[in-house]
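Colleague: Quick one: the structure is below, and I'll ask about it shortly.
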Amino acid sequence: METFIQQLINGLSLGSVYALIAVGYSLVYSVLLFSNFAHGGFLVIGGYICYYALRSGGANIWVASFAALIGAGISAIIVERLAYRPIRERTPITLYMLIASMGMSIVIENIFVVTVGGRFRALPPVIPTDPVNFLGLATTSAFDILSLVTAVVFLAGLQLFLVRTKWGLAIRAASYNLKTAGLMGVNVNRLISIVFFVAGLLAGVGGIFLSVRYTLYPQLGSMITTKAFVAAVIGGLGSLPGAVIGSIILGLAEMLTAGFISSQFRDLVVFGILIITLIVRPTGLFGKSVGEKV
């Protein structure tokens, strides 16, 4: 029983970090209707900014984290303006942006390989990883509890932003029809920049925690983007609650499989769930067909 509770907490922690990335992924998809495969690059950018701010800049974790989040958000805006906006202004076919995102993912990876090298780096021990007794039921890590709480705070903040602000209302309107939102007076280019900034910022938060969990290297984003994409598909592409639920399912499946079967079967179970979801409900748990959405 103790092992089950421990793996449950670990799964919720991992799933909540996946959720930060999957929500940003779904946010971009809900507005532009394309899968941004460069999303993992923003995660890596955030991780490296935090690493160098701590190691070389002598900053504390709060300053380093703030710089990482802003840096990842601004990087996402730059990528959108350089790679996606020119395509978006020339053609409504989103397939070209999908292909461009694959290219940008490789470009970001290789920029880090060329400039800082491909070796694995560990963040300084600024985030506590000590064992913590959880209500006398199980022993877990302070890191898992901290990452879970942080993810909940940021996702709640995103929900408030979408519900309580004018730009949040504009994003929700654009998720139904971007062109109509533009005709109603919404500055579409600014709205898309805000969407990319928010998505990049959330990826930056995930990048810091995943750098501690897996260490930091240029290809980290590719592995995590695949998992976030799977979570978004399970929950329903374009659905933010779906991205959260899909990520939690993914995190729990990984940790329970590692705890009770074998860590070698983790990816087998994850992609098995993906295939079953696509067979039973191709639009995901909370996804809607384009016709329903309109």
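Scheme for the structure tokens: letters A, B, ... for chains in order shown; per-chain residue numbers from 1; ligand numbers from 1 in order shown.
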Skip Ala19 of chain A itself and residues of its chain fewer than 4 positions away, then list as a ChimeraX atom specification all residues within 8 Å of it, counting only C-alpha atoms.
Modeller: /A:15,23,151,228,231,243-248
Colleague: Per DSSP on the backbone, filter segment 38-280 of chain A down to the residues in helix (DSSP H, G or I) and report them as a count of residues only.
Modeller: 191
Colleague: Between atom CA of Phe42 of chain A and atom CA of Gly200 of chain A, what is the spacing in Å?
Modeller: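 Going from atom CA of Gly200 of chain A over to atom CA of Phe42 of chain A, I get 5.6 Å.
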Colleague: Hey, which of A:Leu202, A:Lys166, A:Gly11, A:Val212 ends up closest to Thr257 of chain A? Count only C-alpha atoms.
Modeller: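 Closest to Thr257 of chain A, using only C-alpha atoms: A:Gly11.
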Colleague: With a distance cut-off of 6 Å and only C-alpha atoms, select the neighbouring residues of Val132 of chain A, excluding the residue or stretch itself and same-chain residues fewer than 4 positions from it, and output the selection as a ChimeraX atom specification.
Modeller: /A:139-142
Colleague: Which residue is closest to Ala76 of chain A? Choose from A:Ala199, A:Val113, A:Leu155, A:Leu32 and count only C-alpha atoms.
Modeller: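 Nearest candidate to Ala76 of chain A out of A:Ala199, A:Val113, A:Leu155, A:Leu32: A:Ala199.
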Colleague: Just to confirm, what's the straight-line distance from atom CA of Thr225 of chain A to atom CA of Gly204 of chain A in Å (one decimal)?
Modeller: 12.8 Å
Colleague: Extract the full set of strand (DSSP E or B) residues from segment 44-229 of chain A according to DSSP on the backbone, and format it as a PyMOL selection string.
Modeller: chain A and resi 121+131-134+138-141+216
Colleague: So that I have them on file, write out the residues from the current selection with N, CA and C atoms, as a PDB file, in the first residue's frame.
Modeller:
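The resulting file, again-v1.pdb, is reproduced below:
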ATOM      1  N   ARG A 121      24.048  18.010 -18.162  1.00  0.00           N
ATOM      2  CA  ARG A 121      24.363  18.956 -17.093  1.00  0.00           C
ATOM      3  C   ARG A 121      23.321  18.834 -15.978  1.00  0.00           C
ATOM      4  N   PRO A 131      13.799  13.280   1.275  1.00  0.00           N
ATOM      5  CA  PRO A 131      12.594  12.467   1.479  1.00  0.00           C
ATOM      6  C   PRO A 131      11.643  13.128   2.476  1.00  0.00           C
ATOM      7  N   VAL A 132      10.349  13.010   2.196  1.00  0.00           N
ATOM      8  CA  VAL A 132       9.327  13.622   3.050  1.00  0.00           C
ATOM      9  C   VAL A 132       8.290  12.566   3.404  1.00  0.00           C
ATOM     10  N   ASN A 133       7.934  12.502   4.676  1.00  0.00           N
ATOM     11  CA  ASN A 133       6.884  11.572   5.104  1.00  0.00           C
ATOM     12  C   ASN A 133       5.532  12.196   4.795  1.00  0.00           C
ATOM     13  N   PHE A 134       4.735  11.542   3.938  1.00  0.00           N
ATOM     14  CA  PHE A 134       3.456  12.093   3.499  1.00  0.00           C
ATOM     15  C   PHE A 134       2.328  11.555   4.372  1.00  0.00           C
ATOM     16  N   ALA A 138       3.196   7.320   3.382  1.00  0.00           N
ATOM     17  CA  ALA A 138       4.256   6.935   2.455  1.00  0.00           C
ATOM     18  C   ALA A 138       5.387   7.947   2.541  1.00  0.00           C
ATOM     19  N   THR A 139       6.538   7.539   2.046  1.00  0.00           N
ATOM     20  CA  THR A 139       7.676   8.453   1.986  1.00  0.00           C
ATOM     21  C   THR A 139       7.908   8.840   0.531  1.00  0.00           C
ATOM     22  N   THR A 140       7.871  10.136   0.279  1.00  0.00           N
ATOM     23  CA  THR A 140       8.081  10.607  -1.087  1.00  0.00           C
ATOM     24  C   THR A 140       9.148  11.695  -1.075  1.00  0.00           C
ATOM     25  N   SER A 141       9.390  12.314  -2.226  1.00  0.00           N
ATOM     26  CA  SER A 141      10.435  13.322  -2.321  1.00  0.00           C
ATOM     27  C   SER A 141       9.830  14.725  -2.238  1.00  0.00           C
ATOM     28  N   LEU A 216      20.022  18.000 -17.766  1.00  0.00           N
ATOM     29  CA  LEU A 216      19.766  18.900 -18.902  1.00  0.00           C
ATOM     30  C   LEU A 216      20.669  18.560 -20.080  1.00  0.00           C
TER      31      LEU A 216
END
Colleague: Do you know which residues are at most 12 Å from Leu201 of chain A counting only C-alpha atoms, after dropping those on the same chain fewer than 2 positions away, and could you put them as a PyMOL selection string?
Modeller: chain A and resi 20-21+23-25+39-47+65-77+154-155+158+194-199+203-208
Colleague: If you count only C-alpha atoms, which residues fall within 8 Å of segment 82-95 of chain A, apart from same-chain ones fewer than 6 positions away, as a list in words?
Modeller: Leu32, Leu33, Phe34, Ser101 and Met104 of chain A
Colleague: Generate a file of the selected residues that holds all heavy atoms, formatted as a compact mmCIF listing (two decimals), in the first residue's frame.
Modeller:
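Heads up, here's the output in result_29.txt:
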# COMPACT_ATOMS: atom_id res chain seq x y z
N LEU A 32 -4.23 28.07 -33.70
CA LEU A 32 -3.69 27.99 -35.06
C LEU A 32 -3.91 26.65 -35.75
O LEU A 32 -3.56 26.49 -36.94
CB LEU A 32 -2.19 28.30 -35.02
CG LEU A 32 -1.82 29.74 -34.65
CD1 LEU A 32 -0.31 29.92 -34.61
CD2 LEU A 32 -2.42 30.72 -35.65
N LEU A 33 -4.45 25.67 -35.02
CA LEU A 33 -4.75 24.35 -35.59
C LEU A 33 -3.54 23.68 -36.22
O LEU A 33 -3.62 23.11 -37.31
CB LEU A 33 -5.89 24.47 -36.63
CG LEU A 33 -7.25 24.89 -36.08
CD1 LEU A 33 -8.27 25.01 -37.20
CD2 LEU A 33 -7.76 23.88 -35.04
N PHE A 34 -2.39 23.79 -35.57
CA PHE A 34 -1.24 22.99 -35.99
C PHE A 34 -0.45 22.58 -34.76
O PHE A 34 -0.47 23.25 -33.72
CB PHE A 34 -0.37 23.75 -36.99
CG PHE A 34 0.71 24.61 -36.37
CD1 PHE A 34 2.03 24.20 -36.36
CD2 PHE A 34 0.38 25.83 -35.81
CE1 PHE A 34 3.01 24.98 -35.78
CE2 PHE A 34 1.35 26.62 -35.24
CZ PHE A 34 2.67 26.20 -35.23
N SER A 101 7.73 23.74 -37.97
CA SER A 101 7.98 23.50 -36.54
C SER A 101 8.95 22.35 -36.34
O SER A 101 9.77 22.37 -35.42
CB SER A 101 6.66 23.23 -35.81
OG SER A 101 6.15 21.95 -36.11
N MET A 104 12.29 23.87 -36.95
CA MET A 104 12.72 24.74 -35.86
C MET A 104 13.15 23.92 -34.64
O MET A 104 14.08 24.32 -33.92
CB MET A 104 11.58 25.69 -35.46
CG MET A 104 11.34 26.84 -36.41
SD MET A 104 12.83 27.79 -36.79
CE MET A 104 13.36 28.32 -35.17
Colleague: Under the rule that only C-alpha atoms are counted, which of A:Val233, A:Leu148, A:Leu135, A:Ile261 is the nearest residue to Ile276 of chain A?
Modeller: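 Ranked by minimum distance to Ile276 of chain A, first place goes to A:Val233.
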Colleague: Find the residues near segment 51-56 of chain A: any atom within 8 Å, counting only C-alpha atoms, skip ones fewer than 5 places away on the same chain, and give them as a short mmCIF file (atom, residue, chain, number, x, y, z; two decimals) with C-alpha atoms, in the first residue's frame.
Modeller:
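Output (out_21.cif):
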data_model
loop_
_atom_site.label_atom_id
_atom_site.label_comp_id
_atom_site.auth_asym_id
_atom_site.auth_seq_id
_atom_site.Cartn_x
_atom_site.Cartn_y
_atom_site.Cartn_z
CA ILE A 61 16.67 30.20 -7.75
CA ALA A 64 17.12 32.32 -12.29
CA ALA A 67 14.81 34.81 -16.20
CA LEU A 123 21.34 21.95 -12.04
CA PRO A 124 22.88 22.97 -8.69
#
Colleague: Could you jot down the atom CA of Ser193 of chain A to atom CA of Pro241 of chain A separation for me, Å, one decimal place?
Modeller: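 Those two atoms sit 21.9 Å apart.
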Colleague: Which is closest to Asp144 of chain A among A:Thr283, A:Gln7, A:Gln264, A:Asn177, if we use only C-alpha atoms?
Modeller: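 Ranked by minimum distance to Asp144 of chain A, first place goes to A:Gln7.
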Colleague: Determine, counting only C-alpha atoms, which protein, DNA and RNA residues have an atom within 12 Å of an atom of Met255 of chain A; residues of the same chain fewer than 3 positions away are not included. Present the result as an NGL selection string.
Modeller: :A and (3-15 or 248-252 or 258-267 or 269-270)
Colleague: Just checking: using only C-alpha atoms, which residue out of A:Tyr214, A:Phe271, A:Ala253, A:Val31 ends up closest to Arg172 of chain A?
Modeller: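 Closest to Arg172 of chain A of all the choices is A:Val31.
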